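Source file coords_0.cif; content: mmCIF, C-alpha atoms and all ligand atoms.
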```
data_my_file
#
loop_
_atom_site.label_atom_id
_atom_site.label_comp_id
_atom_site.auth_asym_id
_atom_site.auth_seq_id
_atom_site.Cartn_x
_atom_site.Cartn_y
_atom_site.Cartn_z
CA MET A 16 -22.59 -5.69 6.37
CA GLN A 17 -20.06 -8.35 5.53
CA THR A 18 -21.72 -11.76 5.71
CA ASP A 19 -18.90 -13.91 4.34
CA THR A 20 -16.57 -14.64 7.26
CA HIS A 21 -14.01 -16.67 5.34
CA PRO A 22 -10.71 -16.30 7.26
CA SER A 23 -9.07 -14.47 4.34
CA LEU A 24 -11.77 -11.79 4.45
CA ILE A 25 -11.51 -11.02 8.15
CA GLY A 26 -7.76 -10.52 8.21
CA SER A 27 -6.73 -14.02 9.30
CA LEU A 28 -3.05 -14.81 8.85
CA THR A 29 -3.35 -18.58 9.12
CA PRO A 30 -3.60 -20.39 5.79
CA PRO A 31 -4.89 -23.97 5.49
CA ASP A 32 -2.89 -26.66 7.33
CA ASN A 33 0.40 -27.69 5.80
CA THR A 34 0.60 -24.64 3.59
CA ARG A 35 3.74 -22.54 3.75
CA THR A 36 2.84 -19.02 4.86
CA HIS A 37 3.89 -16.02 2.77
CA ASN A 38 3.13 -13.10 5.06
CA PHE A 39 2.52 -9.78 3.27
CA SER A 40 1.05 -8.11 6.32
CA PRO A 41 1.70 -4.37 6.84
CA GLY A 42 2.87 -5.10 10.38
CA PRO A 43 3.59 -6.56 12.77
CA THR A 44 5.00 -9.08 10.41
CA SER A 45 7.40 -11.96 9.99
CA LEU A 46 11.15 -11.62 10.25
CA PRO A 47 13.45 -13.14 7.62
CA ASP A 48 13.65 -16.96 7.95
CA PRO A 49 17.37 -16.96 8.87
CA VAL A 50 16.64 -14.35 11.57
CA GLN A 51 13.86 -16.47 13.04
CA GLU A 52 16.21 -19.45 13.10
CA GLU A 53 18.95 -17.42 14.77
CA ILE A 54 16.47 -16.17 17.39
CA ARG A 55 15.58 -19.76 18.19
CA ARG A 56 19.24 -20.70 18.40
CA GLN A 57 20.51 -17.71 20.40
CA CYS A 58 17.56 -16.79 22.57
CA PHE A 59 16.15 -20.20 23.36
CA SER A 60 19.29 -22.23 23.90
CA PRO A 61 19.06 -24.75 26.75
CA ASP A 62 22.55 -23.69 27.82
CA ARG A 63 21.82 -20.15 28.96
CA LEU A 64 19.09 -17.77 30.00
CA SER A 65 17.07 -16.26 27.21
CA SER A 66 17.26 -12.48 26.85
CA MET A 67 13.57 -12.62 27.78
CA TYR A 68 14.59 -13.43 31.32
CA LEU A 69 17.79 -11.41 31.68
CA SER A 70 17.85 -8.51 34.09
CA HIS A 71 18.28 -5.37 32.05
CA ARG A 72 21.10 -4.40 34.41
CA SER A 73 23.01 -7.69 34.13
CA PRO A 74 26.38 -7.81 32.36
CA GLU A 75 24.87 -10.35 29.96
CA PHE A 76 22.22 -7.92 28.80
CA GLY A 77 24.77 -5.09 28.79
CA THR A 78 26.68 -6.98 26.13
CA ILE A 79 23.50 -7.53 24.09
CA LEU A 80 22.50 -3.86 24.30
CA ASP A 81 25.98 -2.53 23.42
CA ASN A 82 26.23 -4.94 20.52
CA CYS A 83 22.79 -4.03 19.20
CA ILE A 84 23.57 -0.30 19.25
CA TYR A 85 26.98 -0.90 17.70
CA LEU A 86 25.42 -2.89 14.84
CA LEU A 87 22.58 -0.43 14.30
CA ARG A 88 25.08 2.42 14.10
CA LYS A 89 27.12 0.43 11.63
CA VAL A 90 24.16 -0.53 9.40
CA MET A 91 22.79 3.01 9.20
CA ALA A 92 26.13 4.90 9.43
CA ILE A 93 24.83 6.87 12.41
CA PRO A 94 27.35 9.59 13.34
CA ASP A 95 28.75 9.87 16.88
CA ASN A 96 26.83 13.05 17.62
CA TYR A 97 23.57 11.05 17.68
CA GLU A 98 22.20 9.02 20.59
CA VAL A 99 20.54 5.68 19.92
CA LEU A 100 17.65 5.01 22.29
CA PHE A 101 15.09 2.24 22.59
CA THR A 102 11.72 3.30 23.89
CA HIS A 103 8.34 1.79 24.61
CA GLY A 104 5.05 3.09 23.29
CA GLY A 105 5.50 2.40 19.58
CA GLY A 106 5.21 4.99 16.84
CA HIS A 107 2.25 6.53 18.60
CA GLY A 108 4.36 7.14 21.69
CA GLN A 109 6.76 9.15 19.55
CA PHE A 110 3.93 11.24 18.08
CA ALA A 111 3.74 12.72 21.59
CA ALA A 112 7.38 12.31 22.62
CA VAL A 113 8.71 14.45 19.77
CA PRO A 114 6.93 17.69 20.74
CA LEU A 115 7.35 16.90 24.45
CA ASN A 116 11.12 16.73 23.96
CA LEU A 117 11.57 19.58 21.53
CA CYS A 118 8.98 22.11 22.72
CA PRO A 119 9.65 23.00 26.37
CA THR A 120 6.82 25.52 26.88
CA GLY A 121 4.18 23.90 24.69
CA GLU A 122 3.82 27.15 22.74
CA GLU A 123 6.57 26.46 20.22
CA LYS A 124 5.87 26.11 16.52
CA ALA A 125 6.57 23.02 14.46
CA ALA A 126 5.90 22.36 10.77
CA TYR A 127 4.24 19.08 9.79
CA LEU A 128 4.59 17.77 6.24
CA VAL A 129 1.61 15.48 5.95
CA SER A 130 1.70 12.85 3.21
CA GLY A 131 -0.66 10.19 4.54
CA THR A 132 -2.60 8.78 7.43
CA TRP A 133 0.31 8.35 9.87
CA SER A 134 1.72 11.86 9.56
CA GLU A 135 -1.85 13.13 9.85
CA ARG A 136 -2.18 11.28 13.14
CA ALA A 137 1.15 12.63 14.33
CA PHE A 138 0.00 16.17 13.52
CA ASP A 139 -3.23 15.67 15.47
CA GLU A 140 -1.34 14.34 18.47
CA ALA A 141 1.18 17.19 18.36
CA LYS A 142 -1.62 19.73 18.80
CA LYS A 143 -1.75 18.71 22.45
CA TYR A 144 1.88 19.59 23.08
CA CYS A 145 2.92 22.42 20.76
CA SER A 146 1.62 24.71 18.05
CA PRO A 147 1.97 22.73 14.83
CA SER A 148 1.29 23.99 11.32
CA ILE A 149 0.47 21.69 8.45
CA ILE A 150 1.59 21.42 4.83
CA SER A 151 -0.40 18.56 3.37
CA SER A 152 -0.54 16.74 0.06
CA LYS A 153 -4.06 15.48 0.71
CA ASN A 154 -6.44 15.70 -2.22
CA GLU A 155 -9.31 17.49 -0.56
CA GLU A 156 -11.83 16.12 -3.05
CA ASP A 157 -11.38 12.42 -2.43
CA GLY A 158 -9.19 12.37 0.69
CA THR A 159 -6.32 10.51 -1.01
CA TYR A 160 -2.60 11.13 -0.72
CA LYS A 161 -0.60 10.54 -3.87
CA THR A 162 2.41 12.82 -3.60
CA PHE A 163 4.73 14.26 -1.00
CA PRO A 164 3.97 17.89 -0.14
CA THR A 165 6.03 20.42 -2.07
CA VAL A 166 7.59 22.85 0.33
CA LEU A 167 7.75 26.33 -1.15
CA PRO A 168 10.54 28.72 -0.12
CA ASN A 169 9.47 30.66 3.00
CA GLU A 170 6.61 28.26 3.67
CA ILE A 171 8.23 26.97 6.84
CA ASP A 172 8.00 29.45 9.70
CA PRO A 173 11.61 30.25 10.70
CA ASP A 174 10.57 29.87 14.34
CA SER A 175 9.65 26.21 13.82
CA LYS A 176 11.48 23.96 16.24
CA TYR A 177 11.42 21.11 13.74
CA VAL A 178 9.99 19.92 10.45
CA TYR A 179 8.13 16.65 10.79
CA MET A 180 7.65 14.07 8.05
CA CYS A 181 6.99 10.37 7.49
CA SER A 182 9.41 8.80 5.00
CA ASN A 183 7.05 5.96 4.10
CA GLU A 184 3.30 6.22 4.51
CA THR A 185 2.46 2.60 5.14
CA VAL A 186 -1.24 2.82 4.39
CA ASN A 187 -1.14 5.15 1.40
CA GLY A 188 1.97 3.69 -0.21
CA VAL A 189 3.78 7.02 -0.53
CA GLU A 190 7.52 6.87 0.06
CA LEU A 191 10.30 9.42 -0.25
CA HIS A 192 13.29 7.42 -1.42
CA ARG A 193 15.64 10.19 -0.34
CA LEU A 194 14.97 12.80 2.32
CA PRO A 195 14.11 16.35 1.26
CA ASP A 196 17.07 18.73 1.28
CA LEU A 197 15.39 21.55 3.17
CA LYS A 198 18.65 22.94 4.51
CA SER A 199 19.76 23.94 1.02
CA ARG A 200 16.42 25.75 0.67
CA GLY A 201 17.10 27.90 3.69
CA VAL A 202 15.22 25.90 6.32
CA ASP A 203 17.28 25.73 9.51
CA ALA A 204 14.93 23.60 11.61
CA PRO A 205 16.00 19.96 11.88
CA LEU A 206 13.98 17.15 10.32
CA VAL A 207 12.05 14.75 12.51
CA ILE A 208 11.32 11.54 10.64
CA ASP A 209 8.88 8.73 11.25
CA ALA A 210 10.72 5.90 9.48
CA SER A 211 8.66 3.16 11.12
CA SER A 212 8.02 1.27 7.92
CA ASP A 213 11.16 1.92 5.84
CA PHE A 214 14.04 2.12 8.31
CA THR A 215 17.10 0.08 7.26
CA THR A 216 15.81 -0.32 3.70
CA LYS A 217 17.85 2.58 2.29
CA PRO A 218 20.81 4.68 3.38
CA ILE A 219 20.40 7.99 5.21
CA ASP A 220 22.76 10.93 5.02
CA TRP A 221 22.20 12.26 8.52
CA GLU A 222 24.24 15.45 8.25
CA LYS A 223 23.28 16.49 4.74
CA TYR A 224 19.55 16.34 5.43
CA ASN A 225 19.82 17.90 8.86
CA VAL A 226 18.20 14.97 10.63
CA GLY A 227 17.34 15.89 14.22
CA VAL A 228 15.27 12.90 15.30
CA LEU A 229 14.42 9.67 13.52
CA TYR A 230 12.31 6.94 15.01
CA ALA A 231 11.02 3.58 13.87
CA CYS A 232 8.72 1.22 15.69
CA ALA A 233 10.36 -2.18 15.40
CA SER A 234 7.44 -4.17 14.10
CA LYS A 235 7.85 -3.55 10.37
CA ASN A 236 11.46 -4.10 9.36
CA ILE A 237 13.69 -4.44 12.41
CA GLY A 238 11.92 -6.62 14.95
CA HIS A 239 8.59 -7.09 16.63
CA PRO A 240 6.15 -4.93 18.61
CA GLY A 241 7.16 -3.45 21.93
CA LEU A 242 10.26 -1.52 20.95
CA THR A 243 10.92 1.71 19.08
CA ALA A 244 14.33 2.76 17.88
CA CYS A 245 14.83 6.45 18.41
CA ILE A 246 17.87 8.33 17.13
CA ILE A 247 18.42 11.87 18.36
CA ARG A 248 21.05 14.46 17.52
CA LYS A 249 22.74 15.31 20.80
CA ASP A 250 22.38 19.09 20.52
CA LEU A 251 18.58 18.62 20.73
CA LEU A 252 18.80 16.99 24.16
CA GLY A 253 18.49 18.87 27.42
CA ASN A 254 15.40 20.98 26.94
CA PRO A 255 12.26 18.87 27.25
CA SER A 256 8.90 20.02 28.50
CA PRO A 257 8.65 19.61 32.30
CA MET A 258 5.50 17.58 31.54
CA CYS A 259 7.41 15.00 29.48
CA PRO A 260 6.99 11.55 31.09
CA GLY A 261 10.33 10.02 32.06
CA VAL A 262 9.87 7.02 29.79
CA PHE A 263 9.61 9.35 26.78
CA ASP A 264 12.27 11.81 27.88
CA TYR A 265 15.21 11.51 25.47
CA THR A 266 17.55 13.35 27.83
CA VAL A 267 16.75 11.19 30.86
CA ASN A 268 17.07 7.98 28.86
CA ALA A 269 20.27 9.04 27.11
CA LYS A 270 21.86 9.90 30.47
CA ALA A 271 20.77 6.56 31.88
CA GLY A 272 22.22 4.64 28.93
CA ASN A 273 18.82 3.27 27.94
CA LEU A 274 18.34 1.80 31.40
CA TRP A 275 16.25 4.41 33.21
CA ASN A 276 13.52 1.82 33.42
CA THR A 277 13.24 -1.78 32.25
CA THR A 278 13.94 -1.91 28.57
CA ALA A 279 12.39 -4.58 26.34
CA THR A 280 15.33 -6.96 26.69
CA PHE A 281 14.27 -9.67 24.25
CA ASN A 282 13.21 -7.11 21.64
CA VAL A 283 16.61 -5.42 21.79
CA ASP A 284 18.27 -8.79 21.30
CA VAL A 285 16.11 -9.41 18.22
CA VAL A 286 16.97 -6.03 16.68
CA GLY A 287 20.65 -6.94 17.05
CA ILE A 288 20.06 -10.23 15.25
CA VAL A 289 18.26 -8.42 12.43
CA MET A 290 21.18 -5.99 12.12
CA ASP A 291 23.59 -8.92 11.92
CA TRP A 292 21.49 -10.38 9.13
CA ILE A 293 21.48 -7.08 7.23
CA LEU A 294 25.27 -6.82 7.47
CA ALA A 295 25.73 -10.43 6.43
CA ASN A 296 23.56 -9.78 3.38
CA GLY A 297 25.38 -6.78 2.00
CA GLY A 298 24.22 -3.99 4.31
CA VAL A 299 21.68 -1.30 3.69
CA THR A 300 22.67 -0.70 0.05
CA ALA A 301 21.90 -4.33 -0.76
CA MET A 302 18.65 -4.04 1.21
CA GLU A 303 17.65 -1.10 -0.95
CA GLU A 304 18.43 -2.98 -4.17
CA LEU A 305 16.41 -5.93 -2.95
CA SER A 306 13.47 -3.70 -1.99
CA ILE A 307 13.52 -2.13 -5.44
CA GLU A 308 13.58 -5.54 -7.09
CA LYS A 309 10.75 -7.01 -4.98
CA SER A 310 8.45 -4.01 -5.35
CA GLN A 311 9.19 -3.61 -9.07
CA LEU A 312 7.98 -7.16 -9.66
CA VAL A 313 4.62 -6.33 -8.11
CA TYR A 314 4.25 -2.90 -9.74
CA ASP A 315 5.15 -4.46 -13.11
CA VAL A 316 2.35 -7.02 -12.95
CA ILE A 317 -0.09 -4.26 -11.99
CA ASP A 318 1.08 -1.81 -14.66
CA SER A 319 1.00 -4.43 -17.40
CA SER A 320 -2.44 -5.80 -16.48
CA ASP A 321 -4.46 -3.41 -18.68
CA GLY A 322 -6.42 -2.28 -15.67
CA PHE A 323 -7.22 -5.69 -14.21
CA TYR A 324 -5.12 -4.55 -11.28
CA SER A 325 -4.56 -0.91 -10.49
CA THR A 326 -2.50 1.04 -7.99
CA PRO A 327 -3.29 4.63 -7.00
CA LEU A 328 0.02 6.28 -7.93
CA VAL A 329 0.12 6.54 -11.72
CA THR A 330 1.47 9.86 -13.04
CA ASP A 331 5.25 10.32 -13.33
CA GLU A 332 5.26 12.57 -10.28
CA GLN A 333 3.29 9.98 -8.30
CA LYS A 334 5.36 7.06 -9.55
CA ALA A 335 8.47 8.76 -8.18
CA VAL A 336 7.07 8.31 -4.66
CA ARG A 337 5.65 4.83 -5.03
CA SER A 338 6.41 2.88 -1.90
CA ARG A 339 8.77 -0.04 -2.14
CA MET A 340 7.49 -1.28 1.19
CA ASN A 341 3.72 -1.25 0.72
CA VAL A 342 2.17 -1.77 -2.69
CA PRO A 343 -1.56 -0.98 -2.73
CA PHE A 344 -3.59 -2.52 -5.54
CA ASP A 345 -7.17 -3.27 -6.40
CA VAL A 346 -8.63 -6.20 -8.31
CA ASN A 347 -10.87 -5.66 -11.31
CA GLY A 348 -11.66 -2.04 -10.47
CA GLY A 349 -12.32 -2.84 -6.82
CA ASP A 350 -15.08 -5.34 -7.61
CA GLU A 351 -15.98 -6.82 -4.20
CA GLU A 352 -16.82 -10.31 -5.41
CA MET A 353 -13.68 -10.68 -7.50
CA THR A 354 -11.59 -9.25 -4.64
CA ALA A 355 -13.06 -11.81 -2.24
CA THR A 356 -12.28 -14.63 -4.68
CA PHE A 357 -8.76 -13.28 -5.07
CA LEU A 358 -8.22 -13.21 -1.31
CA LYS A 359 -9.59 -16.71 -0.82
CA GLU A 360 -7.49 -18.23 -3.58
CA ALA A 361 -4.39 -16.39 -2.33
CA TRP A 362 -5.04 -17.74 1.17
CA GLU A 363 -5.35 -21.30 -0.20
CA ARG A 364 -1.75 -20.91 -1.37
CA GLY A 365 -0.47 -19.45 1.88
CA ILE A 366 -0.50 -15.82 0.71
CA VAL A 367 -1.82 -13.84 3.68
CA GLY A 368 -1.85 -10.29 5.02
CA LEU A 369 -3.05 -8.55 1.84
CA ARG A 370 -6.16 -7.29 3.54
CA THR A 371 -5.74 -6.41 7.16
CA LEU A 372 -7.91 -4.20 9.26
CA THR A 373 -6.34 -0.77 9.84
CA PRO A 374 -7.40 2.04 12.16
CA PHE A 375 -8.24 3.88 8.94
CA GLY A 376 -10.71 1.28 7.67
CA VAL A 377 -10.38 -1.31 4.91
CA GLY A 378 -10.92 0.59 1.68
CA ARG A 379 -10.87 -0.73 -1.84
CA TYR A 380 -7.16 -1.42 -2.04
CA LEU A 381 -5.37 -4.52 -0.93
CA ARG A 382 -1.74 -4.06 0.03
CA ALA A 383 1.32 -6.19 -0.45
CA SER A 384 3.86 -5.24 2.19
CA LEU A 385 7.41 -6.21 1.30
CA TYR A 386 9.52 -5.69 4.39
CA HIS A 387 12.78 -7.52 5.13
CA GLY A 388 10.76 -10.56 6.22
CA VAL A 389 9.42 -11.04 2.69
CA SER A 390 11.98 -12.81 0.54
CA LEU A 391 12.45 -12.31 -3.19
CA GLU A 392 11.10 -15.81 -3.58
CA SER A 393 7.88 -14.92 -1.71
CA SER A 394 7.49 -11.79 -3.86
CA LYS A 395 7.80 -13.93 -6.99
CA PHE A 396 5.28 -16.38 -5.57
CA LEU A 397 2.77 -13.55 -5.12
CA VAL A 398 3.39 -12.16 -8.59
CA GLN A 399 2.96 -15.58 -10.15
CA PHE A 400 -0.38 -15.98 -8.39
CA MET A 401 -1.49 -12.51 -9.49
CA GLU A 402 -0.68 -13.37 -13.10
CA GLU A 403 -2.49 -16.69 -12.97
CA PHE A 404 -5.52 -15.14 -11.33
CA MET A 405 -5.64 -12.40 -13.95
CA ASN A 406 -5.34 -14.80 -16.86
CA LYS A 407 -8.14 -16.94 -15.47
CA ASN A 408 -10.53 -14.13 -14.63
CA ARG A 409 -9.89 -11.38 -17.16
CA LEU A 410 -12.80 -11.08 -19.55
C1 LIG B 1 2.94 1.24 12.03
C2 LIG B 1 3.26 2.66 11.96
C3 LIG B 1 3.04 3.53 13.03
C4 LIG B 1 2.34 3.09 14.31
O1 LIG B 1 3.16 2.44 15.15
P1 LIG B 1 2.62 1.80 16.53
O2 LIG B 1 3.78 0.99 16.95
O3 LIG B 1 1.38 1.03 16.22
O4 LIG B 1 2.34 2.94 17.44
C5 LIG B 1 3.43 4.84 12.90
N1 LIG B 1 3.99 5.30 11.77
C6 LIG B 1 4.18 4.50 10.71
C7 LIG B 1 4.80 5.07 9.47
C8 LIG B 1 3.83 3.16 10.76
O5 LIG B 1 4.02 2.36 9.69
#
```

Can you present the structure in this file as structure tokens?
Amino acid sequence: MQTDTHPSLIGSLTPPDNTRTHNFSPGPTSLPDPVQEEIRRQCFSPDRLSSMYLSHRSPEFGTILDNCIYLLRKVMAIPDNYEVLFTHGGGHGQFAAVPLNLCPTGEEKAAYLVSGTWSERAFDEAKKYCSPSIISSKNEEDGTYKTFPTVLPNEIDPDSKYVYMCSNETVNGVELHRLPDLKSRGVDAPLVIDASSDFTTKPIDWEKYNVGVLYACASKNIGHPGLTACIIRKDLLGNPSPMCPGVFDYTVNAKAGNLWNTTATFNVDVVGIVMDWILANGGVTAMEELSIEKSQLVYDVIDSSDGFYSTPLVTDEQKAVRSRMNVPFDVNGGDEEMTATFLKEAWERGIVGLRTLTPFGVGRYLRASLYHGVSLESSKFLVQFMEEFMNKNRL
């Protein structure tokens, strides 16, 4: 039983009055300051209707939608043989939508590479709609995930309709910085990627890695909750399960130009503004460099703390998949009292979001999430606090 209900211990994101907020939440989370300003300017101008109120079939929204897709294609170098869709239902919606679109009879096989809690959930959901097999990197003894599964030759059933993976496991802090080249290892099935928490933070070679579907709920790096970007190779359209709900049906929505039903107009507008910001700041290559720099600062303070802080991924193999987006760390070996003091003092300075409640429980690790909304300056502010706290409290 937790008796201390200090805001910082119950996941509050509101620091004391007049303190600038540095939001390290795993999501939903803040957008970059210049993006927030641009949203205020563009979407809440007294001179015109906000995209919140625009009919999705109006010419005004048509311009916003076309522009957003154009910019997203440009940022991520999405080839012409892919459709860009915006769906409702978040990442969880796609856990179901993927098999419903790719497995028409419900009997088809699909291979799931499970590297953390989200891909595990996706695998469980897929069982309702197809016949998935699992290759997992879970440590059965303690339930942790610290690597990406190694796929042995012939381990993927050649009848698999797709190979599913999550490129950044938000909770576990396991990230593949480049996609696995399964095609060169004789796997013909296309990759399906949950990139919800790392999309637009590194380039993707769509053809080389045989990407079939990639989706990202907007609320981590590219916008706010209520919208999911979904990118589908066109040859995979046209054969959904007859049970697939229209709102999840890639073929129906592609044919209708994203307007089969009411799309989340304001959210689409925001994604476009984020894409503009990415392009203005050097594009996805610069975003990757910045993500490396921000996360390295945090990992460095942990690695050089002589165990005052620790992060779960420590061997060379594990370090190679350390997430740049979500850095898990504990304080003084997970000591509850010291952790509570850490959280309270962080909160006093405006540092919030390090301990949020997840569907997978709280656990001993805090997490610093470093999406686009977290500036280099905010990352340095966190690291400086971590150093000060360590120097004050280390025995
Ligand atoms: C947040 C997240 C999800 C869940 O998305 P919802 O929008 O809550 O359904 C799925 N996958 C990953 C990798 C995530 O980070």

Surrounding residues of segment 344-361 of chain A excluding itself and chain neighbours under 6 positions, 8 Å, all atoms listed in the file, as a PyMOL selection string: chain A and resi 21+23-24+317+322-327+367+369-370+379-383+400+404

Axis-aligned box for all listed atoms of ligand LIG 1 (chain B), 6 Å per side, centre and edges in Å to one decimal, as lines of an AutoDock Vina configuration file:
```
center_x = 3.1
center_y = 3.1
center_z = 13.5
size_x = 15.4
size_y = 16.3
size_z = 20.0
```

Would you mind telling me which residue in A:Ser384, A:Ala111, A:Ile171, A:Asp291 lies nearest to Pro255 of chain A when using all atoms listed in the file?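 Closest candidate: A:Ala111.
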
A:Ala279, A:Thr165, A:Lys198, A:Ser319: which is nearest Ser70 of chain A, counting all atoms listed in the file?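 Checking each candidate against Ser70 of chain A, we get A:Ala279 as the closest.
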
Report as a list in words all protein, DNA and RNA residues lying within 7 Å of segment 243-254 of chain A, evaluated on only C-alpha atoms, omitting residues in the same chain fewer than 6 positions from it. Asn96, Tyr97, Glu98, Val99, Leu100, Phe101, Thr102, His103, Gly105, Gly106, Asn116, Leu117, Pro119, Gly227, Val228, Leu229, Tyr230, Ala231, Cys232, Ala233, Tyr265 and Thr266 of chain A

Would you list the residues that come within 10 Å of ligand LIG 1 (chain B)? Count only C-alpha atoms and all ligand atoms and give the answer as a PyMOL selection string. chain A and resi 41-43+103-110+131-137+180-186+190+208-214+230-236+239-243+340-341+373-374

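Nearest to Glu75 of chain A of all the residues A:Leu194, A:Thr280, A:Ala112, A:Val329 is A:Thr280, counting all atoms listed in the file.
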
Shortest contact to Ala301 of chain A, candidates A:Thr216, A:Asn406, A:Thr78, A:Ser146, atoms counted only C-alpha atoms, goes to A:Thr216

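Residue nearest Phe76 of chain A, chosen from A:Leu274, A:Leu115, A:Ile93, A:Leu46 and counting only C-alpha atoms: A:Leu274.
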
Would you pick out the contacts of Asn296 of chain A at 12 Å or less, using all atoms listed in the file, so that residues sharing its chain but fewer than 5 positions from it are not included, and give the list as a list in words? Pro47, Pro49, Val50, Val90, Val289, Met290, Asp291, Ala301, Met302, Glu303, Glu304, Leu305 and His387 of chain A

Choose the residue, out of A:Ser130, A:Asn273, A:Ser306, A:Ser60, that has the smallest atom-to-atom separation from Ile84 of chain A; count all atoms listed in the file. A:Asn273

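Taking atom CA of Ser393 of chain A and atom CA of Pro30 of chain A as the two end points, the separation is 14.8 Å.
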
Distance in Å - atom CA of Arg72 of chain A versus atom CA of Val285 of chain A: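 Calculated distance between atom CA of Arg72 of chain A and atom CA of Val285 of chain A is 17.7 Å.
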